file upload.csv (CSV, C-alpha atoms and all ligand atoms)
chain,number,residue,atom,x,y,z
U,1,MET,CA,108.5,94.1,86.8
U,2,LEU,CA,107.4,97.3,85.1
U,3,LYS,CA,109.4,99.1,82.3
U,4,VAL,CA,108.1,102.2,80.7
U,5,SER,CA,110.0,103.5,77.8
U,6,ASN,CA,109.8,106.8,76.0
U,7,MET,CA,106.2,107.5,76.8
U,8,ASP,CA,104.5,110.7,75.7
U,9,ALA,CA,101.0,111.7,76.5
U,10,TYR,CA,98.6,114.5,75.5
U,11,TYR,CA,95.3,116.0,76.5
U,12,GLY,CA,94.0,117.4,73.3
U,13,GLN,CA,96.8,119.5,71.7
U,14,SER,CA,98.8,119.9,74.9
U,15,LYS,CA,101.6,117.6,75.7
U,16,VAL,CA,101.8,116.7,79.3
U,17,LEU,CA,104.3,113.8,79.4
U,18,GLU,CA,107.5,113.9,77.4
U,19,ASP,CA,109.7,110.9,76.9
U,20,ILE,CA,109.0,109.2,80.3
U,21,SER,CA,111.2,106.2,81.0
U,22,ILE,CA,110.9,104.5,84.4
U,23,GLU,CA,111.6,101.1,85.7
U,24,ILE,CA,110.4,99.3,88.8
U,25,LYS,CA,112.0,96.0,89.7
U,26,ASP,CA,110.2,93.2,91.4
U,27,GLY,CA,109.8,93.9,95.1
U,28,GLU,CA,110.9,97.6,94.8
U,29,PHE,CA,109.2,100.6,96.4
U,30,VAL,CA,109.6,103.5,94.0
U,31,THR,CA,108.2,107.0,94.2
U,32,ILE,CA,107.7,109.8,91.7
U,33,ILE,CA,107.7,113.3,93.3
U,34,GLY,CA,106.7,116.4,91.5
U,35,ALA,CA,104.8,119.7,91.8
U,36,ASN,CA,101.1,120.3,91.1
U,37,GLY,CA,100.4,119.7,87.4
U,38,ALA,CA,103.7,118.0,86.7
U,39,GLY,CA,102.0,115.0,85.3
U,40,LYS,CA,102.1,112.5,88.1
U,41,SER,CA,98.5,111.4,87.9
U,42,THR,CA,98.7,111.2,84.1
U,43,ILE,CA,101.6,108.7,84.4
U,44,MET,CA,99.4,106.6,86.7
U,45,LYS,CA,96.4,106.8,84.4
U,46,CYS,CA,98.6,105.7,81.5
U,47,LEU,CA,100.0,102.8,83.5
U,48,MET,CA,96.4,101.8,84.5
U,49,GLY,CA,95.0,102.2,81.0
U,50,ILE,CA,92.7,105.1,81.8
U,51,HIS,CA,94.5,107.5,79.6
U,52,ASN,CA,96.3,106.5,76.3
U,53,PRO,CA,99.9,107.5,75.8
U,54,SER,CA,100.6,108.7,72.3
U,55,ARG,CA,104.0,107.1,72.2
U,56,GLY,CA,106.1,104.6,74.1
U,57,SER,CA,105.8,101.1,75.5
U,58,ILE,CA,104.7,99.7,78.9
U,59,ILE,CA,106.1,96.3,79.6
U,60,TYR,CA,104.7,94.5,82.7
U,61,LYS,CA,106.3,91.2,83.6
U,62,GLY,CA,107.7,90.9,80.1
U,63,GLU,CA,104.4,91.6,78.4
U,64,ASP,CA,103.4,94.7,76.5
U,65,ILE,CA,100.2,95.8,78.3
U,66,ALA,CA,99.7,99.1,76.3
U,67,GLY,CA,96.7,97.6,74.5
U,68,MET,CA,94.9,96.3,77.7
U,69,ASN,CA,92.1,98.1,79.4
U,70,ALA,CA,92.0,98.8,83.1
U,71,TRP,CA,90.1,95.6,84.0
U,72,GLU,CA,92.6,93.5,82.1
U,73,ARG,CA,95.5,95.2,83.9
U,74,ALA,CA,93.8,94.5,87.2
U,75,GLU,CA,93.4,90.9,86.2
U,76,HIS,CA,97.2,90.9,85.6
U,77,GLY,CA,97.8,92.0,89.2
U,78,ILE,CA,98.0,95.7,89.0
U,79,GLY,CA,96.2,97.5,91.8
U,80,TYR,CA,95.4,101.2,91.6
U,81,ILE,CA,94.4,103.8,94.3
U,82,PRO,CA,93.3,106.8,92.3
U,83,GLU,CA,93.8,110.4,93.4
U,84,GLY,CA,91.0,111.8,95.4
U,85,ARG,CA,89.7,108.4,96.5
U,86,ARG,CA,87.0,107.9,93.9
U,87,VAL,CA,84.9,105.4,95.8
U,88,PHE,CA,81.5,104.4,94.3
U,89,SER,CA,79.5,106.8,96.4
U,90,LYS,CA,76.1,105.2,96.1
U,91,MET,CA,77.4,101.8,97.1
U,92,THR,CA,78.0,100.6,100.6
U,93,VAL,CA,81.5,100.0,102.0
U,94,GLU,CA,81.2,96.3,101.4
U,95,GLU,CA,79.8,96.7,97.9
U,96,ASN,CA,82.8,98.9,97.0
U,97,LEU,CA,85.2,96.2,98.2
U,98,LEU,CA,83.4,93.5,96.3
U,99,VAL,CA,83.5,95.6,93.1
U,100,GLY,CA,87.2,96.0,93.8
U,101,ALA,CA,87.4,92.2,93.6
U,102,TYR,CA,85.5,92.0,90.3
U,103,THR,CA,88.3,90.4,88.5
U,104,VAL,CA,88.9,87.8,91.2
U,105,LYS,CA,87.0,84.5,90.4
U,106,ASP,CA,87.8,82.6,93.5
U,107,LYS,CA,85.1,83.2,96.2
U,108,ILE,CA,87.3,81.9,99.0
U,109,LYS,CA,90.0,84.4,98.1
U,110,ILE,CA,87.4,87.2,98.0
U,111,LYS,CA,86.2,86.4,101.4
U,112,ARG,CA,89.7,86.1,102.8
U,113,ASN,CA,90.7,89.5,101.3
U,114,LEU,CA,87.5,91.1,102.6
U,115,GLU,CA,88.4,89.9,106.1
U,116,ARG,CA,91.9,91.1,105.7
U,117,CYS,CA,90.7,94.6,104.8
U,118,TYR,CA,88.4,94.6,107.8
U,119,GLU,CA,91.3,93.6,110.0
U,120,ILE,CA,93.5,96.4,108.7
U,121,PHE,CA,90.7,98.9,109.0
U,122,PRO,CA,88.2,97.9,111.7
U,123,ARG,CA,86.4,101.1,111.0
U,124,LEU,CA,85.4,99.7,107.6
U,125,LYS,CA,84.0,96.6,109.2
U,126,GLU,CA,81.9,98.7,111.6
U,127,ARG,CA,80.5,100.6,108.7
U,128,ARG,CA,80.3,97.9,106.1
U,129,ASN,CA,76.7,98.7,105.3
U,130,GLN,CA,77.1,102.4,105.2
U,131,LYS,CA,76.8,104.2,101.9
U,132,SER,CA,80.3,105.3,101.1
U,133,LYS,CA,79.3,108.9,100.2
U,134,THR,CA,78.4,109.4,103.9
U,135,MET,CA,81.8,108.3,105.1
U,136,SER,CA,84.3,110.9,106.2
U,137,GLY,CA,87.2,111.8,103.8
U,138,GLY,CA,89.7,109.7,105.8
U,139,GLU,CA,87.3,106.7,105.9
U,140,GLN,CA,86.9,107.0,102.1
U,141,GLN,CA,90.6,106.9,101.7
U,142,MET,CA,90.8,103.7,103.9
U,143,LEU,CA,88.1,102.3,101.6
U,144,ALA,CA,90.0,103.3,98.4
U,145,ILE,CA,93.2,101.6,99.8
U,146,SER,CA,91.3,98.5,100.8
U,147,ARG,CA,89.5,98.3,97.5
U,148,ALA,CA,92.8,98.2,95.7
U,149,LEU,CA,94.0,95.4,98.0
U,150,MET,CA,91.0,93.2,97.1
U,151,ILE,CA,92.8,91.8,94.1
U,152,GLU,CA,96.0,91.1,96.1
U,153,PRO,CA,98.0,93.2,93.7
U,154,GLU,CA,101.6,92.3,92.8
U,155,LEU,CA,102.1,95.9,91.7
U,156,LEU,CA,100.3,98.7,93.6
U,157,LEU,CA,100.0,102.1,92.0
U,158,ILE,CA,99.2,104.8,94.5
U,159,ASP,CA,98.2,108.3,93.5
U,160,GLU,CA,98.6,110.7,96.6
U,161,ILE,CA,97.9,108.5,99.6
U,162,SER,CA,98.3,111.5,101.8
U,163,MET,CA,95.6,113.7,100.2
U,164,GLY,CA,93.0,115.0,102.7
U,165,LEU,CA,94.2,112.8,105.5
U,166,MET,CA,95.2,114.0,108.9
U,167,PRO,CA,98.9,113.5,109.7
U,168,LEU,CA,98.3,110.5,111.9
U,169,LEU,CA,96.4,108.8,109.2
U,170,VAL,CA,99.0,109.6,106.6
U,171,THR,CA,101.6,107.9,108.8
U,172,HIS,CA,99.2,105.0,109.4
U,173,SER,CA,98.6,104.6,105.6
U,174,ILE,CA,102.2,104.8,104.6
U,175,ASN,CA,103.1,102.3,107.4
U,176,LEU,CA,100.5,100.0,106.0
U,177,ILE,CA,102.0,100.3,102.5
U,178,LYS,CA,105.5,99.7,103.9
U,179,LYS,CA,104.2,96.6,105.6
U,180,LEU,CA,102.7,95.2,102.4
U,181,HIS,CA,105.9,96.0,100.6
U,182,LYS,CA,107.9,94.1,103.2
U,183,GLU,CA,105.5,91.2,102.5
U,184,GLY,CA,106.5,91.3,98.9
U,185,MET,CA,104.3,93.8,97.1
U,186,THR,CA,105.9,96.1,94.5
U,187,VAL,CA,104.9,99.7,94.9
U,188,LEU,CA,104.8,102.8,92.8
U,189,LEU,CA,103.7,105.8,94.9
U,190,VAL,CA,103.3,109.3,93.5
U,191,GLU,CA,103.2,112.0,96.1
U,192,GLN,CA,103.3,115.7,96.7
U,193,ASN,CA,104.3,114.9,100.3
U,194,ALA,CA,107.9,114.3,99.1
U,195,LYS,CA,109.3,113.9,102.5
U,196,LYS,CA,107.1,111.0,103.5
U,197,ALA,CA,107.4,109.5,100.0
U,198,LEU,CA,111.2,109.6,100.1
U,199,GLU,CA,111.3,108.2,103.6
U,200,ALA,CA,109.2,105.2,102.6
U,201,SER,CA,110.6,104.3,99.3
U,202,ASP,CA,113.8,102.7,98.0
U,203,ARG,CA,114.2,104.8,94.9
U,204,GLY,CA,112.7,107.9,93.4
U,205,TYR,CA,112.2,110.0,90.2
U,206,VAL,CA,111.6,113.7,90.1
U,207,LEU,CA,109.0,114.8,87.5
U,208,GLU,CA,109.1,118.4,86.3
U,209,THR,CA,106.5,119.6,83.8
U,210,GLY,CA,106.1,116.2,82.2
U,211,ARG,CA,109.8,115.2,82.1
U,212,ILE,CA,111.8,113.1,84.4
U,213,THR,CA,114.7,115.3,85.5
U,214,MET,CA,116.3,113.2,88.3
U,215,GLU,CA,116.5,109.6,89.4
U,216,ASP,CA,118.3,108.3,92.4
U,217,SER,CA,118.0,106.3,95.6
U,218,SER,CA,115.5,107.9,97.9
U,219,SER,CA,118.1,108.5,100.6
U,220,LEU,CA,120.3,110.5,98.1
U,221,LEU,CA,117.4,112.4,96.7
U,222,LYS,CA,116.4,113.4,100.3
U,223,GLU,CA,119.9,115.0,100.6
U,224,ASN,CA,120.0,116.6,97.1
U,225,GLU,CA,120.1,120.4,97.3
U,226,ALA,CA,117.7,120.9,94.4
U,227,VAL,CA,115.2,118.4,95.8
U,228,ILE,CA,115.4,120.0,99.2
U,229,LYS,CA,114.8,123.4,97.8
U,230,ALA,CA,112.0,122.5,95.5
U,231,TYR,CA,110.2,119.8,97.4
U,232,LEU,CA,111.2,119.5,101.0
U,233,GLY,CA,110.5,123.1,101.9
U,234,ALA,CA,114.0,124.0,103.3
D,301,LIG,N1,91.5,115.5,81.5
D,301,LIG,C1,92.4,116.5,81.3
D,301,LIG,N2,92.2,117.3,80.3
D,301,LIG,C2,93.1,118.3,80.0
D,301,LIG,N3,94.2,118.6,80.7
D,301,LIG,C3,94.4,117.8,81.8
D,301,LIG,C4,93.5,116.7,82.1
D,301,LIG,N4,94.0,116.1,83.2
D,301,LIG,C5,95.1,116.7,83.5
D,301,LIG,N5,95.4,117.7,82.7
D,301,LIG,C6,96.5,118.6,82.7
D,301,LIG,O1,97.7,117.9,82.6
D,301,LIG,C7,98.7,118.3,83.4
D,301,LIG,C8,99.2,117.2,84.3
D,301,LIG,O2,98.1,116.9,85.2
D,301,LIG,P1,98.2,115.8,86.3
D,301,LIG,O3,96.9,115.6,86.9
D,301,LIG,O4,98.9,114.6,85.7
D,301,LIG,O5,99.3,116.4,87.3
D,301,LIG,P2,99.7,116.0,88.8
D,301,LIG,O6,101.2,116.0,88.8
D,301,LIG,O7,99.0,114.7,89.2
D,301,LIG,O8,99.2,117.2,89.7
D,301,LIG,P3,98.7,117.2,91.2
D,301,LIG,O9,99.9,117.2,92.1
D,301,LIG,O10,98.0,118.5,91.3
D,301,LIG,O11,97.8,116.1,91.4
D,301,LIG,C9,98.2,119.6,84.1
D,301,LIG,O12,98.6,120.7,83.5
D,301,LIG,C10,96.7,119.4,84.0
D,301,LIG,O13,96.0,120.6,83.9
D,302,MG,MG,97.7,114.3,90.6
call {"tool": "encode", "arguments": {"input": "upload.csv", "output": "C-alpha cells", "more": "lines below"}}
Ligand SMILES: Nc1ncnc2c1ncn2[C@@H]1O[C@H](COP(=O)(O)OP(=O)(O)OP(=O)(O)O)[C@@H](O)[C@H]1O
Ligand SMILES: [Mg+2]
result
Amino acid sequence: MLKVSNMDAYYGQSKVLEDISIEIKDGEFVTIIGANGAGKSTIMKCLMGIHNPSRGSIIYKGEDIAGMNAWERAEHGIGYIPEGRRVFSKMTVEENLLVGAYTVKDKIKIKRNLERCYEIFPRLKERRNQKSKTMSGGEQQMLAISRALMIEPELLLIDEISMGLMPLLVTHSINLIKKLHKEGMTVLLVEQNAKKALEASDRGYVLETGRITMEDSSSLLKENEAVIKAYLGA
C-alpha cells in the first residue's frame, strides 16, 4: 500500500533522515520505534506532505504522491494524527470533526462518520459544542483521533498516540486502533512507548538518528536483546 524508498530529509543544513526505506502492505499494522529526536515525526510529516524530503520516492497504492499536498493525500485516503494533538483550539469539538472531513464531499458519509466518532467517544458527543482549547489533554487526544477517522482513512498515520494520556486511555486508544485495523484499516504508528507499539503491531522498524537500523516482526523485535536494552527498559 505504501512504499518509501531512499528518502532523505533536512531541516536547513542538518540532515535528519538518511536513506529511509519502509514498506507497508495492505492491511498491515506497522510501527516505527525510536528515541527522542530520532526522526519519527519527520517521517510522518514527509508521508503526509507537511515536510518535503530532499530525495527518495513515496509510492501510495501504486501512485507517486511526493508532489501532493496534505489535503490531496487526505483525499487519497491517508489519515494523520499529529504529535501533540494539534486540534483547532478556537473551534468547537464538532467544528474540528467537520474540518477533518473537509475532503469528504458526501454529506451522508460525513454525518455517519460523525455519529461513529461520538459512539466511540461519548465524551466528545457530550462536549460537541465546547471550544476544544478548554478540553482536557486526554479529551483533545480523543478529538485528534476522531478527526482523523472522519475521512475513513485506508491508511492511518499515528504520531505518538500515547503522549500525555493516562495509562488507561493509552490502552483504550490502542485497542481502538487495533479494532479499526481488524476491520481493514492499514496502520503506521510511531511511538516512544515501544512496548505498547510492538504488542499492537505486526511488524516494526527501529529508527536511530535518522536511519533504519532494524526491521522484523514485532514479536521478534520484542525479544531482541538490543531492542530490549534500548527501548523496553530492561
Ligand atoms: N522544524 C524543525 N526545524 C529544525 N529542526 C527540526 C525541526 N523539527 C525537528 N527537528 C529536528 O529533527 C530531528 C528529528 O526530529 P523529530 O521530531 O522527527 O524526532 P522524533 O523522533 O519525532 O522525536 P520525539 O520522540 O521527541 O517526538 C531532531 O533533532 C529535531 O531537533
Ligand atoms: Mg516526534
call {"tool": "residues_near_ligand", "arguments": {"input": "upload.csv", "ligand": "ligand LIG 301 (chain D)", "cutoff": "7 Å", "atoms": "only C-alpha atoms and all ligand atoms", "output": "list in words"}}
result
Tyr11, Gly12, Val16, Gly34, Ala35, Asn36, Gly37, Ala38, Gly39, Lys40, Ser41, Thr42, Ile43 and Gln192 of chain U
call {"tool": "residues_around", "arguments": {"input": "upload.csv", "residues": "stretch 78-95 of chain U", "least_positions_apart": "3", "cutoff": "9 Å", "atoms": "only C-alpha atoms", "output": "NGL selection string"}}
result
:U and (41 or 44-45 or 48 or 70 or 73-75 or 98-100 or 114 or 124-125 or 127-135 or 137 or 140-161 or 163-164)
call {"tool": "closest_residue", "arguments": {"input": "upload.csv", "among": "U:Ile50, U:Leu165, U:Ile174, U:Leu198", "to": "U:Asp216", "atoms": "all atoms listed in the file"}}
result
U:Leu198
call {"tool": "residues_around", "arguments": {"input": "upload.csv", "residues": "U:Tyr10", "least_positions_apart": "2", "cutoff": "12 Å", "atoms": "only C-alpha atoms", "output": "ChimeraX atom specification"}}
result
/U:7-8,12-19,39,42-43,45-46,51-55,210
call {"tool": "atom_distance", "arguments": {"input": "upload.csv", "atom1": "atom CA of U:Val30", "atom2": "atom CA of U:Ile59"}}
result
16.5 Å
call {"tool": "closest_residue", "arguments": {"input": "upload.csv", "among": "U:Val4, U:Ala226, U:Met166, U:Leu220", "to": "U:Glu63", "atoms": "all atoms listed in the file"}}
result
U:Val4
call {"tool": "atom_distance", "arguments": {"input": "upload.csv", "atom1": "atom CA of U:Arg203", "atom2": "atom CA of U:Gly56"}}
result
22.3 Å
call {"tool": "atom_distance", "arguments": {"input": "upload.csv", "atom1": "atom CA of U:Lys182", "atom2": "atom CA of U:Arg112"}}
result
19.9 Å
call {"tool": "closest_residue", "arguments": {"input": "upload.csv", "among": "U:Leu2, U:Asp202, U:Ile32, U:Pro122", "to": "ligand MG 302 (chain D)", "atoms": "all atoms listed in the file"}}
result
U:Ile32
call {"tool": "closest_residue", "arguments": {"input": "upload.csv", "among": "U:Ser201, U:Thr103, U:Thr171, U:Asn69", "to": "U:Thr186", "atoms": "all atoms listed in the file"}}
result
U:Ser201
call {"tool": "closest_residue", "arguments": {"input": "upload.csv", "among": "U:His172, U:Lys61, U:Arg116, U:Lys195", "to": "U:Lys222", "atoms": "only C-alpha atoms"}}
result
U:Lys195
call {"tool": "closest_residue", "arguments": {"input": "upload.csv", "among": "U:Asp106, U:Glu191, U:Glu208, U:Glu199", "to": "ligand MG 302 (chain D)", "atoms": "all atoms listed in the file"}}
result
U:Glu191
call {"tool": "residues_around", "arguments": {"input": "upload.csv", "residues": "U:His181", "least_positions_apart": "6", "cutoff": "8 Å", "atoms": "all atoms listed in the file", "output": "list in words"}}
result
Gly27, Glu28, Phe29 and Val187 of chain U
